[in-house]
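**Q** Quick one, model_37.json (JSON, C-alpha atoms):
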```json
[["chain", "number", "residue", "atom", "x", "y", "z"],
["F", 959, "MET", "CA", -7.28, -4.96, 9.98],
["F", 960, "THR", "CA", -7.21, -2.29, 12.70],
["F", 961, "ALA", "CA", -3.72, -1.31, 13.80],
["F", 962, "GLN", "CA", -3.38, -1.03, 17.57],
["F", 963, "THR", "CA", -0.66, -0.64, 20.16],
["F", 964, "ASP", "CA", -1.15, -1.41, 23.83],
["F", 965, "ALA", "CA", -1.19, 2.31, 24.64],
["F", 966, "PRO", "CA", -4.52, 4.12, 24.17],
["F", 967, "ALA", "CA", -4.64, 6.81, 21.48],
["F", 968, "GLY", "CA", -3.18, 10.06, 22.72],
["F", 969, "ARG", "CA", -1.66, 8.60, 25.88],
["F", 970, "PRO", "CA", 1.91, 9.85, 26.44],
["F", 971, "LEU", "CA", 4.95, 7.62, 26.17],
["F", 972, "TYR", "CA", 8.19, 8.13, 28.05],
["F", 973, "GLY", "CA", 11.18, 8.66, 25.75],
["F", 974, "CYS", "CA", 14.37, 7.14, 27.15],
["F", 975, "MET", "CA", 16.93, 8.97, 24.99],
["F", 976, "GLY", "CA", 18.17, 10.95, 28.01],
["F", 977, "LEU", "CA", 19.07, 7.86, 30.01],
["F", 978, "GLY", "CA", 22.36, 5.97, 30.02],
["F", 979, "GLY", "CA", 25.07, 8.56, 30.61],
["F", 980, "THR", "CA", 27.19, 10.07, 27.86],
["F", 981, "TRP", "CA", 26.96, 9.71, 24.07],
["F", 982, "ASP", "CA", 30.54, 8.49, 23.79],
["F", 983, "GLY", "CA", 31.93, 5.02, 24.40],
["F", 984, "ALA", "CA", 32.38, 5.47, 28.16],
["F", 985, "PRO", "CA", 30.50, 2.81, 30.16],
["F", 986, "TYR", "CA", 27.48, 3.82, 32.17],
["F", 987, "THR", "CA", 27.87, 4.15, 35.92],
["F", 988, "ALA", "CA", 25.89, 3.40, 39.07],
["F", 989, "ALA", "CA", 24.89, 7.08, 39.07],
["F", 990, "ASP", "CA", 23.52, 6.68, 35.53],
["F", 991, "ILE", "CA", 21.43, 3.71, 36.66],
["F", 992, "ALA", "CA", 20.11, 5.72, 39.62],
["F", 993, "HIS", "CA", 19.29, 8.62, 37.31],
["F", 994, "ALA", "CA", 17.38, 6.28, 34.99],
["F", 995, "GLU", "CA", 15.56, 4.70, 37.90],
["F", 996, "ALA", "CA", 14.37, 8.09, 39.17],
["F", 997, "ALA", "CA", 13.09, 9.06, 35.72],
["F", 998, "VAL", "CA", 11.30, 5.75, 35.14],
["F", 999, "GLU", "CA", 9.74, 5.81, 38.60],
["F", 1000, "ALA", "CA", 8.42, 9.32, 37.92],
["F", 1001, "ALA", "CA", 6.91, 8.16, 34.61],
["F", 1002, "LEU", "CA", 5.28, 5.16, 36.26],
["F", 1003, "ALA", "CA", 4.01, 7.36, 39.11],
["F", 1004, "ILE", "CA", 1.92, 9.46, 36.71],
["F", 1005, "GLY", "CA", 0.54, 6.44, 34.89],
["F", 1006, "ILE", "CA", 2.84, 6.12, 31.88],
["F", 1007, "THR", "CA", 3.24, 2.50, 30.82],
["F", 1008, "ALA", "CA", 4.89, 2.80, 27.37],
["F", 1009, "PHE", "CA", 8.65, 3.38, 27.10],
["F", 1010, "ASP", "CA", 10.33, 4.44, 23.87],
["F", 1011, "HIS", "CA", 13.93, 3.50, 23.04],
["F", 1012, "ALA", "CA", 16.26, 3.30, 20.05],
["F", 1013, "ASP", "CA", 19.33, 1.14, 19.58],
["F", 1014, "ILE", "CA", 21.49, 4.23, 19.00],
["F", 1015, "TYR", "CA", 20.44, 6.22, 22.09],
["F", 1016, "ARG", "CA", 23.63, 6.85, 24.09],
["F", 1017, "ARG", "CA", 25.24, 4.21, 21.83],
["F", 1018, "GLY", "CA", 23.03, 1.49, 23.27],
["F", 1019, "LYS", "CA", 23.45, 2.54, 26.87],
["F", 1020, "SER", "CA", 19.88, 3.86, 27.19],
["F", 1021, "GLU", "CA", 18.57, 0.36, 26.50],
["F", 1022, "ALA", "CA", 21.23, -1.18, 28.73],
["F", 1023, "VAL", "CA", 20.43, 0.88, 31.83],
["F", 1024, "PHE", "CA", 16.74, 0.18, 31.29],
["F", 1025, "GLY", "CA", 17.64, -3.50, 31.17],
["F", 1026, "GLU", "CA", 19.32, -3.07, 34.54],
["F", 1027, "LEU", "CA", 16.06, -1.72, 35.94],
["F", 1028, "LEU", "CA", 14.08, -4.64, 34.50],
["F", 1029, "ALA", "CA", 16.55, -7.08, 36.04],
["F", 1030, "ARG", "CA", 16.01, -5.47, 39.44],
["F", 1031, "ALA", "CA", 12.20, -5.54, 39.13],
["F", 1032, "PRO", "CA", 11.21, -8.51, 36.93],
["F", 1033, "ASP", "CA", 7.48, -7.89, 37.47],
["F", 1034, "LEU", "CA", 7.82, -4.50, 35.77],
["F", 1035, "ARG", "CA", 8.17, -6.04, 32.31],
["F", 1036, "GLU", "CA", 4.63, -7.39, 32.39],
["F", 1037, "ARG", "CA", 3.22, -3.95, 33.20],
["F", 1038, "ILE", "CA", 4.80, -1.92, 30.42],
["F", 1039, "VAL", "CA", 5.03, -1.59, 26.65],
["F", 1040, "LEU", "CA", 8.62, -1.68, 25.36],
["F", 1041, "GLN", "CA", 9.19, 0.12, 22.10],
["F", 1042, "THR", "CA", 12.52, 0.53, 20.36],
["F", 1043, "LYS", "CA", 13.85, 1.65, 16.99],
["F", 1044, "CYS", "CA", 16.50, 0.50, 14.54],
["F", 1045, "GLY", "CA", 17.88, 1.55, 11.18],
["F", 1046, "ILE", "CA", 20.49, 4.22, 11.97],
["F", 1047, "ARG", "CA", 24.17, 3.33, 11.90],
["F", 1048, "GLN", "CA", 26.47, 5.82, 13.58],
["F", 1049, "ALA", "CA", 29.81, 6.83, 12.10],
["F", 1050, "ASP", "CA", 32.49, 4.33, 13.11],
["F", 1051, "GLY", "CA", 35.76, 5.66, 11.72],
["F", 1052, "HIS", "CA", 35.45, 3.58, 8.57],
["F", 1053, "HIS", "CA", 32.06, 4.78, 7.29],
["F", 1054, "PRO", "CA", 29.97, 7.91, 7.82],
["F", 1055, "GLY", "CA", 26.69, 7.80, 9.67],
["F", 1056, "MET", "CA", 24.07, 6.17, 7.49],
["F", 1057, "TYR", "CA", 20.63, 4.57, 7.40],
["F", 1058, "ASP", "CA", 20.44, 0.81, 7.02],
["F", 1059, "LEU", "CA", 17.15, -1.06, 6.66],
["F", 1060, "ARG", "CA", 18.62, -4.16, 5.09],
["F", 1061, "SER", "CA", 17.25, -7.38, 6.53],
["F", 1062, "PRO", "CA", 20.48, -8.55, 8.25],
["F", 1063, "HIS", "CA", 20.92, -5.18, 9.98],
["F", 1064, "ILE", "CA", 17.31, -5.11, 11.22],
["F", 1065, "VAL", "CA", 17.57, -8.64, 12.61],
["F", 1066, "ARG", "CA", 20.95, -8.03, 14.24],
["F", 1067, "SER", "CA", 19.72, -4.76, 15.77],
["F", 1068, "VAL", "CA", 16.72, -6.48, 17.31],
["F", 1069, "GLU", "CA", 18.84, -9.26, 18.75],
["F", 1070, "GLU", "CA", 21.22, -6.72, 20.31],
["F", 1071, "SER", "CA", 18.33, -4.64, 21.70],
["F", 1072, "LEU", "CA", 16.79, -7.72, 23.29],
["F", 1073, "THR", "CA", 20.09, -8.48, 24.98],
["F", 1074, "ARG", "CA", 20.56, -4.95, 26.29],
["F", 1075, "LEU", "CA", 16.95, -4.67, 27.46],
["F", 1076, "ARG", "CA", 17.13, -8.12, 29.09],
["F", 1077, "THR", "CA", 13.82, -9.20, 27.66],
["F", 1078, "ASP", "CA", 12.70, -11.89, 25.25],
["F", 1079, "VAL", "CA", 10.29, -9.77, 23.20],
["F", 1080, "ILE", "CA", 9.96, -6.20, 21.94],
["F", 1081, "ASP", "CA", 6.37, -4.98, 21.93],
["F", 1082, "VAL", "CA", 6.78, -2.41, 19.13],
["F", 1083, "LEU", "CA", 9.71, -2.01, 16.73],
["F", 1084, "LEU", "CA", 9.93, 1.21, 14.72],
["F", 1085, "LEU", "CA", 12.10, 1.73, 11.64],
["F", 1086, "HIS", "CA", 13.97, 4.85, 12.72],
["F", 1087, "ARG", "CA", 14.59, 6.68, 9.43],
["F", 1088, "PRO", "CA", 13.83, 6.00, 5.75],
["F", 1089, "ASP", "CA", 16.70, 4.25, 3.94],
["F", 1090, "PRO", "CA", 16.76, 5.37, 0.28],
["F", 1091, "LEU", "CA", 18.41, 2.08, -0.73],
["F", 1092, "ALA", "CA", 15.96, -0.11, 1.16],
["F", 1093, "ASP", "CA", 14.02, -2.84, -0.64],
["F", 1094, "PRO", "CA", 10.54, -3.00, 0.93],
["F", 1095, "GLN", "CA", 10.30, -6.71, 0.18],
["F", 1096, "ASP", "CA", 13.56, -7.27, 2.06],
["F", 1097, "ILE", "CA", 12.29, -5.21, 4.99],
["F", 1098, "ALA", "CA", 9.03, -7.17, 5.02],
["F", 1099, "LYS", "CA", 11.00, -10.42, 5.06],
["F", 1100, "ALA", "CA", 12.90, -9.35, 8.18],
["F", 1101, "LEU", "CA", 9.82, -8.06, 10.01],
["F", 1102, "THR", "CA", 7.77, -11.13, 9.19],
["F", 1103, "SER", "CA", 10.56, -13.39, 10.41],
["F", 1104, "LEU", "CA", 10.99, -11.46, 13.67],
["F", 1105, "HIS", "CA", 7.25, -11.62, 14.28],
["F", 1106, "GLY", "CA", 7.09, -15.32, 13.45],
["F", 1107, "GLN", "CA", 9.87, -16.07, 15.93],
["F", 1108, "GLY", "CA", 7.99, -14.18, 18.65],
["F", 1109, "LEU", "CA", 10.78, -11.60, 19.02],
["F", 1110, "VAL", "CA", 8.67, -8.57, 18.04],
["F", 1111, "ARG", "CA", 4.92, -8.21, 18.49],
["F", 1112, "ARG", "CA", 4.14, -5.13, 16.34],
["F", 1113, "PHE", "CA", 5.86, -2.81, 13.92],
["F", 1114, "GLY", "CA", 5.83, 0.84, 12.96],
["F", 1115, "VAL", "CA", 7.97, 3.56, 11.45],
["F", 1116, "SER", "CA", 9.51, 6.87, 12.41],
["F", 1117, "ASN", "CA", 10.07, 10.04, 10.39],
["F", 1118, "MET", "CA", 8.27, 8.68, 7.33],
["F", 1119, "SER", "CA", 5.80, 10.27, 4.94],
["F", 1120, "ALA", "CA", 2.43, 8.84, 4.01],
["F", 1121, "ALA", "CA", 3.83, 7.68, 0.67],
["F", 1122, "GLN", "CA", 6.72, 5.87, 2.35],
["F", 1123, "VAL", "CA", 4.42, 4.17, 4.87],
["F", 1124, "GLN", "CA", 2.02, 3.15, 2.11],
["F", 1125, "HIS", "CA", 4.86, 1.78, -0.03],
["F", 1126, "LEU", "CA", 6.18, -0.38, 2.81],
["F", 1127, "GLN", "CA", 2.72, -1.53, 3.89],
["F", 1128, "ALA", "CA", 1.99, -2.74, 0.35],
["F", 1129, "HIS", "CA", 4.70, -5.38, 0.80],
["F", 1130, "LEU", "CA", 3.91, -6.29, 4.41],
["F", 1131, "ASP", "CA", 1.00, -8.38, 5.66],
["F", 1132, "LEU", "CA", 1.48, -7.22, 9.25],
["F", 1133, "PRO", "CA", -0.08, -3.80, 9.98],
["F", 1134, "LEU", "CA", 2.14, -0.82, 10.70],
["F", 1135, "VAL", "CA", 0.81, 0.57, 13.97],
["F", 1136, "ALA", "CA", 2.73, 3.79, 14.62],
["F", 1137, "ASN", "CA", 4.61, 6.65, 12.97],
["F", 1138, "GLN", "CA", 6.81, 8.79, 15.22],
["F", 1139, "LEU", "CA", 7.41, 12.34, 13.95],
["F", 1140, "GLU", "CA", 8.70, 15.62, 15.35],
["F", 1141, "MET", "CA", 5.56, 17.47, 16.45],
["F", 1142, "SER", "CA", 5.18, 20.23, 19.02],
["F", 1143, "LEU", "CA", 4.00, 23.79, 19.48],
["F", 1144, "SER", "CA", 7.47, 24.78, 18.29],
["F", 1145, "SER", "CA", 7.79, 22.29, 15.41],
["F", 1146, "ARG", "CA", 4.48, 23.12, 13.77],
["F", 1147, "ASP", "CA", 5.05, 22.11, 10.13],
["F", 1148, "TRP", "CA", 2.82, 19.08, 10.66],
["F", 1149, "VAL", "CA", -0.22, 21.29, 11.32],
["F", 1150, "GLU", "CA", 0.80, 24.19, 9.09],
["F", 1151, "ALA", "CA", 1.07, 21.87, 6.07],
["F", 1152, "GLY", "CA", -2.70, 21.45, 6.21],
["F", 1153, "VAL", "CA", -3.51, 25.16, 5.94],
["F", 1154, "LEU", "CA", -0.75, 26.54, 3.73],
["F", 1155, "VAL", "CA", -2.02, 24.75, 0.63],
["F", 1156, "ASN", "CA", -2.34, 27.20, -2.28],
["F", 1157, "THR", "CA", -0.26, 29.88, -0.53],
["F", 1158, "PRO", "CA", 3.33, 30.99, -1.22],
["F", 1159, "ALA", "CA", 4.31, 29.93, 2.30],
["F", 1160, "ALA", "CA", 3.71, 26.30, 1.37],
["F", 1161, "ALA", "CA", 7.06, 26.27, -0.46],
["F", 1162, "GLY", "CA", 8.88, 26.64, 2.84],
["F", 1163, "ASN", "CA", 7.05, 23.85, 4.63],
["F", 1164, "GLY", "CA", 8.99, 20.59, 4.63],
["F", 1165, "PHE", "CA", 6.40, 18.35, 6.26],
["F", 1166, "PRO", "CA", 4.99, 15.74, 3.84],
["F", 1167, "HIS", "CA", 1.47, 16.92, 3.14],
["F", 1168, "GLY", "CA", -1.25, 14.39, 3.94],
["F", 1169, "THR", "CA", 0.79, 12.27, 6.35],
["F", 1170, "VAL", "CA", -1.28, 13.19, 9.41],
["F", 1171, "GLU", "CA", -4.51, 12.48, 7.54],
["F", 1172, "TYR", "CA", -3.20, 9.20, 6.10],
["F", 1173, "CYS", "CA", -2.12, 7.87, 9.48],
["F", 1174, "ASN", "CA", -5.31, 9.02, 11.20],
["F", 1175, "ALA", "CA", -7.53, 7.39, 8.57],
["F", 1176, "ARG", "CA", -5.69, 4.08, 8.94],
["F", 1177, "GLU", "CA", -5.50, 4.19, 12.75],
["F", 1178, "ILE", "CA", -1.70, 4.39, 12.66],
["F", 1179, "GLN", "CA", -0.80, 6.01, 15.97],
["F", 1180, "LEU", "CA", 0.99, 9.32, 15.54],
["F", 1181, "GLN", "CA", 3.69, 9.70, 18.17],
["F", 1182, "ALA", "CA", 5.23, 13.14, 18.70],
["F", 1183, "TRP", "CA", 8.91, 13.30, 19.54],
["F", 1184, "GLY", "CA", 10.16, 16.63, 20.88],
["F", 1185, "ALA", "CA", 6.69, 17.19, 22.35],
["F", 1186, "LEU", "CA", 7.87, 19.50, 25.15],
["F", 1187, "ALA", "CA", 9.75, 21.71, 22.66],
["F", 1188, "GLN", "CA", 13.04, 21.56, 24.60],
["F", 1189, "GLY", "CA", 11.57, 23.72, 27.36],
["F", 1190, "ARG", "CA", 11.26, 26.88, 25.26],
["F", 1191, "TYR", "CA", 7.68, 27.46, 26.48],
["F", 1192, "THR", "CA", 8.15, 26.19, 30.04],
["F", 1193, "GLY", "CA", 10.96, 28.33, 31.40],
["F", 1194, "ALA", "CA", 13.87, 28.22, 28.96],
["F", 1195, "LEU", "CA", 12.77, 31.36, 27.11],
["F", 1196, "ASP", "CA", 10.46, 34.31, 27.67],
["F", 1197, "SER", "CA", 8.07, 34.90, 24.77],
["F", 1198, "PRO", "CA", 4.41, 35.72, 24.15],
["F", 1199, "ALA", "CA", 3.74, 32.02, 23.59],
["F", 1200, "ALA", "CA", 5.48, 31.03, 26.82],
["F", 1201, "ARG", "CA", 3.43, 33.61, 28.72],
["F", 1202, "LEU", "CA", 0.22, 32.32, 27.15],
["F", 1203, "VAL", "CA", 1.13, 28.73, 28.07],
["F", 1204, "ALA", "CA", 1.73, 29.82, 31.67],
["F", 1205, "ASP", "CA", -1.55, 31.77, 31.77],
["F", 1206, "LEU", "CA", -3.54, 28.81, 30.44],
["F", 1207, "ALA", "CA", -1.86, 26.49, 32.93],
["F", 1208, "GLU", "CA", -2.90, 28.76, 35.79],
["F", 1209, "ARG", "CA", -6.47, 29.03, 34.52],
["F", 1210, "LYS", "CA", -6.76, 25.26, 34.01],
["F", 1211, "ARG", "CA", -5.06, 24.51, 37.34],
["F", 1212, "THR", "CA", -2.40, 22.44, 35.70],
["F", 1213, "THR", "CA", 1.21, 22.86, 34.52],
["F", 1214, "PRO", "CA", 2.76, 24.47, 31.44],
["F", 1215, "GLU", "CA", 4.08, 21.04, 30.41],
["F", 1216, "THR", "CA", 0.54, 19.68, 30.40],
["F", 1217, "ILE", "CA", -0.70, 22.56, 28.25],
["F", 1218, "LEU", "CA", 1.92, 21.73, 25.60],
["F", 1219, "LEU", "CA", 0.94, 18.06, 25.59],
["F", 1220, "TRP", "CA", -2.76, 18.89, 25.56],
["F", 1221, "TRP", "CA", -2.18, 21.00, 22.45],
["F", 1222, "LEU", "CA", -1.03, 17.84, 20.66],
["F", 1223, "GLN", "CA", -3.60, 15.54, 22.24],
["F", 1224, "ARG", "CA", -6.47, 17.91, 21.40],
["F", 1225, "HIS", "CA", -5.92, 17.30, 17.67],
["F", 1226, "PRO", "CA", -8.46, 14.84, 16.17],
["F", 1227, "ALA", "CA", -5.59, 12.47, 15.31],
["F", 1228, "ARG", "CA", -5.18, 11.86, 19.06],
["F", 1229, "ILE", "CA", -1.42, 12.38, 18.89],
["F", 1230, "ALA", "CA", 0.57, 10.52, 21.54],
["F", 1231, "PRO", "CA", 3.33, 12.78, 22.93],
["F", 1232, "VAL", "CA", 6.73, 11.31, 23.73],
["F", 1233, "ILE", "CA", 8.01, 12.91, 26.94],
["F", 1234, "GLY", "CA", 11.78, 13.09, 26.53],
["F", 1235, "THR", "CA", 13.02, 14.95, 29.60],
["F", 1236, "SER", "CA", 15.01, 12.93, 32.13],
["F", 1237, "ARG", "CA", 14.27, 15.33, 35.00],
["F", 1238, "PRO", "CA", 11.78, 13.68, 37.40],
["F", 1239, "GLU", "CA", 10.15, 16.99, 38.32],
["F", 1240, "ARG", "CA", 9.36, 17.76, 34.68],
["F", 1241, "ILE", "CA", 8.06, 14.24, 34.12],
["F", 1242, "LEU", "CA", 5.77, 14.60, 37.14],
["F", 1243, "ALA", "CA", 4.58, 17.94, 35.74],
["F", 1244, "CYS", "CA", 3.05, 16.02, 32.82],
["F", 1245, "HIS", "CA", 0.63, 14.18, 35.11],
["F", 1246, "ASP", "CA", -2.57, 15.79, 33.85],
["F", 1247, "ALA", "CA", -1.75, 14.86, 30.25],
["F", 1248, "VAL", "CA", -2.07, 11.24, 31.37],
["F", 1249, "SER", "CA", -4.98, 11.49, 33.80],
["F", 1250, "ARG", "CA", -7.21, 14.20, 32.24],
["F", 1251, "GLU", "CA", -8.70, 14.72, 28.81],
["F", 1252, "PRO", "CA", -7.32, 17.79, 27.00],
["F", 1253, "GLU", "CA", -9.13, 20.82, 28.39],
["F", 1254, "LEU", "CA", -8.41, 23.30, 25.60],
["F", 1255, "THR", "CA", -11.27, 24.93, 23.77],
["F", 1256, "HIS", "CA", -11.24, 25.42, 20.01],
["F", 1257, "GLU", "CA", -10.34, 29.07, 20.57],
["F", 1258, "GLU", "CA", -7.59, 28.33, 23.12],
["F", 1259, "TRP", "CA", -5.98, 25.79, 20.80],
["F", 1260, "TYR", "CA", -5.89, 28.39, 18.02],
["F", 1261, "ASP", "CA", -4.62, 31.09, 20.40],
["F", 1262, "LEU", "CA", -1.62, 28.91, 21.19],
["F", 1263, "TRP", "CA", -0.97, 28.12, 17.55],
["F", 1264, "VAL", "CA", -1.23, 31.70, 16.25],
["F", 1265, "THR", "CA", 0.78, 33.13, 19.14],
["F", 1266, "ALA", "CA", 3.57, 30.56, 18.69],
["F", 1267, "ARG", "CA", 3.74, 31.15, 14.91],
["F", 1268, "GLY", "CA", 4.04, 34.89, 15.50],
["F", 1269, "GLY", "CA", 1.57, 35.97, 12.84],
["F", 1270, "PRO", "CA", -1.97, 35.45, 11.59],
["F", 1271, "LEU", "CA", -3.10, 32.45, 9.62],
["F", 1272, "PRO", "CA", -3.37, 32.84, 5.82]]
```
Could you quickly redo this structure as structure tokens?
**A**
Amino acid sequence: MTAQTDAPAGRPLYGCMGLGGTWDGAPYTAADIAHAEAAVEAALAIGITAFDHADIYRRGKSEAVFGELLARAPDLRERIVLQTKCGIRQADGHHPGMYDLRSPHIVRSVEESLTRLRTDVIDVLLLHRPDPLADPQDIAKALTSLHGQGLVRRFGVSNMSAAQVQHLQAHLDLPLVANQLEMSLSSRDWVEAGVLVNTPAAAGNGFPHGTVEYCNAREIQLQAWGALAQGRYTGALDSPAARLVADLAERKRTTPETILLWWLQRHPARIAPVIGTSRPERILACHDAVSREPELTHEEWYDLWVTARGGPLP
């Protein structure tokens, strides 16, 4: 069975972690709703239709302010893909922060996300982090039940290795359609893992070898969180890589943000970047990553990689 999401391969998603005000228990404000509305309108303006959430973002307030927007524009829900994540429990004064992929927690998290988002179905649910104590049969039971009730359409994972995805899929009849991982020109372990085999440098690479290839072969969409690298190549820092990004943007008549996203999208796995900034002007700067195919040559892609890593390939 081919695993698909509603978003085409490589098409950016908008990451909503920056919406909803503060990370503490303070309620969100009218200003927070306006801030979220400006960000979402910018994403929609450049053609983004998939929105990525998690139940823990801003302690649920990211989902809640998005729900406010859906309530104001009911027709919007039919035009977008809603994705959220569950499985992380924040410290609460009684217990430390932990991962929890037990069936009751998954089901309760989905029910709470549906309430905050003011919708009756989640398009894609990702399991946020691996839970070492998780029973894959128990997870499969929860996901199958949620799907059968029409509460979640599709499922995926986040921050999981090929072996972990394969282990879960062996117990689940429904296909896993996405794996969201940290991937950017700054966080390069995902690409370096493929070339450092049989070199001493491989010992310092923490990315699970073969995960990109496993997901690509099974048409599991790779989603890249942190895709814009926290601005370090688009104004936050001056470096040879930042200067190269700017030079390529000028030559391609686009923006530095687009160059960073094209570097991910140019990979044969057709990586889908998650745009996490909440600044409308930076969201709008990603326009060409939605409307144009990546215009980086083989040589330009390597120039970016080698310059960012600060040394030659092995």
**Q** Under the rule that all atoms listed in the file are counted, which of F:Arg1228, F:His1129, F:His1245, F:Lys1019 is the nearest residue to F:Thr1212?
**A**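 Distance minimum relative to F:Thr1212 lands on F:His1245.
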**Q** Using atom CA of F:Arg1211 and atom CA of F:Glu1253 as the two end points, give the distance in Å to one decimal.
**A**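 Answer for the atom CA of F:Arg1211 to atom CA of F:Glu1253 separation: 10.5 Å.
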**Q** Give me, as JSON, numbers by chain, all polymer residues having an atom no more than 8 Å from stretch 1219-1225 of chain F, counting only C-alpha atoms and skipping those fewer than 2 positions away in the same chain.
**A** {"F": [968, 1141, 1142, 1143, 1185, 1186, 1215, 1216, 1217, 1227, 1228, 1229, 1230, 1231, 1244, 1247, 1251, 1252, 1253, 1254, 1259]}
**Q** Selected residues, C-alpha atoms, written as an mmCIF file, in the frame of the given file, please.
**A**
```cif
data_model
loop_
_atom_site.group_PDB
_atom_site.id
_atom_site.type_symbol
_atom_site.label_atom_id
_atom_site.label_comp_id
_atom_site.auth_asym_id
_atom_site.auth_seq_id
_atom_site.Cartn_x
_atom_site.Cartn_y
_atom_site.Cartn_z
ATOM 1 C CA GLY F 968 -3.180 10.060 22.720
ATOM 2 C CA MET F 1141 5.560 17.470 16.450
ATOM 3 C CA SER F 1142 5.180 20.230 19.020
ATOM 4 C CA LEU F 1143 4.000 23.790 19.480
ATOM 5 C CA ALA F 1185 6.690 17.190 22.350
ATOM 6 C CA LEU F 1186 7.870 19.500 25.150
ATOM 7 C CA GLU F 1215 4.080 21.040 30.410
ATOM 8 C CA THR F 1216 0.540 19.680 30.400
ATOM 9 C CA ILE F 1217 -0.700 22.560 28.250
ATOM 10 C CA ALA F 1227 -5.590 12.470 15.310
ATOM 11 C CA ARG F 1228 -5.180 11.860 19.060
ATOM 12 C CA ILE F 1229 -1.420 12.380 18.890
ATOM 13 C CA ALA F 1230 0.570 10.520 21.540
ATOM 14 C CA PRO F 1231 3.330 12.780 22.930
ATOM 15 C CA CYS F 1244 3.050 16.020 32.820
ATOM 16 C CA ALA F 1247 -1.750 14.860 30.250
ATOM 17 C CA GLU F 1251 -8.700 14.720 28.810
ATOM 18 C CA PRO F 1252 -7.320 17.790 27.000
ATOM 19 C CA GLU F 1253 -9.130 20.820 28.390
ATOM 20 C CA LEU F 1254 -8.410 23.300 25.600
ATOM 21 C CA TRP F 1259 -5.980 25.790 20.800
#
```
**Q** Just to confirm, what's the straight-line distance from atom CA of F:Ile1006 to atom CA of F:Ser1116 in Å (one decimal)?
**A** 20.6 Å
**Q** Set the distance at 8 Å and use only C-alpha atoms: which residues neighbour F:Ala1092 once local chain neighbours fewer than 5 positions away are removed? I'd like the list as a VMD selection string.
**A** chain F and resid 1058 to 1060 1097
**Q** Looking at F:Leu1002, F:Ile991, F:Ala1031, F:Ala997, which one is nearest to F:Thr1235, with distances taken over all atoms listed in the file?
**A**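 Once distances to F:Thr1235 are computed over all atoms listed in the file, the minimum belongs to F:Ala997.
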**Q** Point out the residue among F:Gln1188, F:Val1065, F:Gln1138, F:Thr1007 with the least atom-to-atom distance to F:Ser1236, counting all atoms listed in the file.
**A**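 Of all the options, F:Gln1188 lies closest to F:Ser1236.
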**Q** Compile the contact shell of stretch 1195-1201 of chain F as a PyMOL selection string: residues with an atom at most 10 Å away, counting only C-alpha atoms, same-chain residues fewer than 3 positions apart removed.
**A** chain F and resi 1143-1144+1189-1192+1204-1207+1214+1261-1268
**Q** Looking at F:Pro1094, F:Gly1193, F:Pro1054, F:Pro1133, which one is nearest to F:Arg1112, with distances taken over all atoms listed in the file?
**A**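 When distances to F:Arg1112 are compared using all atoms listed in the file, the smallest one comes from F:Pro1133.
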**Q** Compare F:Gly976, F:Ile1004, F:Val1170, F:Asp982 by their minimum atom-to-atom distance to F:Asp1246, counting all atoms listed in the file, and give me the closest one.
**A**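 Answer, going by the shortest atom-to-atom distance: F:Ile1004.
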**Q** Report as an NGL selection string all protein, DNA and RNA residues lying within 10 Å of F:Ala1001, evaluated on all atoms listed in the file, omitting residues in the same chain fewer than 4 positions from it.
**A** :F and (970-973 or 995-997 or 1005-1009 or 1233 or 1236 or 1238 or 1240-1242 or 1244-1245)
**Q** My list of candidates is F:Gly1114, F:Cys1173, F:Gln1179, F:Arg1237. Which is closest to F:Ala994 when distances are computed with only C-alpha atoms?
**A**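 Of all the options, F:Arg1237 lies closest to F:Ala994.
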**Q** Find the spatial neighbours of stretch 1068-1078 of chain F, counting only C-alpha atoms, within a cut-off of 7 Å - ignore same-chain residues fewer than 6 positions away - and output them as a ChimeraX atom specification.
**A** /F:1013,1021-1022,1024-1025,1109
**Q** Suppose we keep C-alpha atoms; can you now write the selection as a PDB file, keeping the file's coordinate frame?
**A**
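Printed below is selection.pdb as written:
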```pdb
ATOM      1  CA  ASP F1013      19.330   1.140  19.580  1.00  0.00           C
ATOM      2  CA  GLU F1021      18.570   0.360  26.500  1.00  0.00           C
ATOM      3  CA  ALA F1022      21.230  -1.180  28.730  1.00  0.00           C
ATOM      4  CA  PHE F1024      16.740   0.180  31.290  1.00  0.00           C
ATOM      5  CA  GLY F1025      17.640  -3.500  31.170  1.00  0.00           C
ATOM      6  CA  LEU F1109      10.780 -11.600  19.020  1.00  0.00           C
TER       7      LEU F1109
END
```
**Q** Could you please determine the separation between atom CA of F:Thr1255 and atom CA of F:His1167 in Å, to one decimal place?
**A**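 Distance reported for this atom pair: 25.5 Å.
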**Q** Got a minute to add N, CA and C atoms to stretch 1066-1071 of chain F and dump it as a PDB file, in the coordinates of the input?
**A**
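Listing of selection21.pdb after writing:
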```pdb
ATOM      1  N   ARG F1066      19.857  -8.148  13.274  1.00  0.00           N
ATOM      2  CA  ARG F1066      20.950  -8.030  14.240  1.00  0.00           C
ATOM      3  C   ARG F1066      20.640  -6.943  15.279  1.00  0.00           C
ATOM      4  N   SER F1067      20.067  -5.837  14.844  1.00  0.00           N
ATOM      5  CA  SER F1067      19.720  -4.760  15.770  1.00  0.00           C
ATOM      6  C   SER F1067      18.717  -5.223  16.809  1.00  0.00           C
ATOM      7  N   VAL F1068      17.722  -5.972  16.374  1.00  0.00           N
ATOM      8  CA  VAL F1068      16.720  -6.480  17.310  1.00  0.00           C
ATOM      9  C   VAL F1068      17.357  -7.431  18.316  1.00  0.00           C
ATOM     10  N   GLU F1069      18.181  -8.317  17.845  1.00  0.00           N
ATOM     11  CA  GLU F1069      18.840  -9.260  18.750  1.00  0.00           C
ATOM     12  C   GLU F1069      19.682  -8.534  19.798  1.00  0.00           C
ATOM     13  N   GLU F1070      20.393  -7.477  19.373  1.00  0.00           N
ATOM     14  CA  GLU F1070      21.220  -6.720  20.310  1.00  0.00           C
ATOM     15  C   GLU F1070      20.353  -5.914  21.283  1.00  0.00           C
ATOM     16  N   SER F1071      19.231  -5.364  20.806  1.00  0.00           N
ATOM     17  CA  SER F1071      18.330  -4.640  21.700  1.00  0.00           C
ATOM     18  C   SER F1071      17.721  -5.564  22.744  1.00  0.00           C
TER      19      SER F1071
END
```
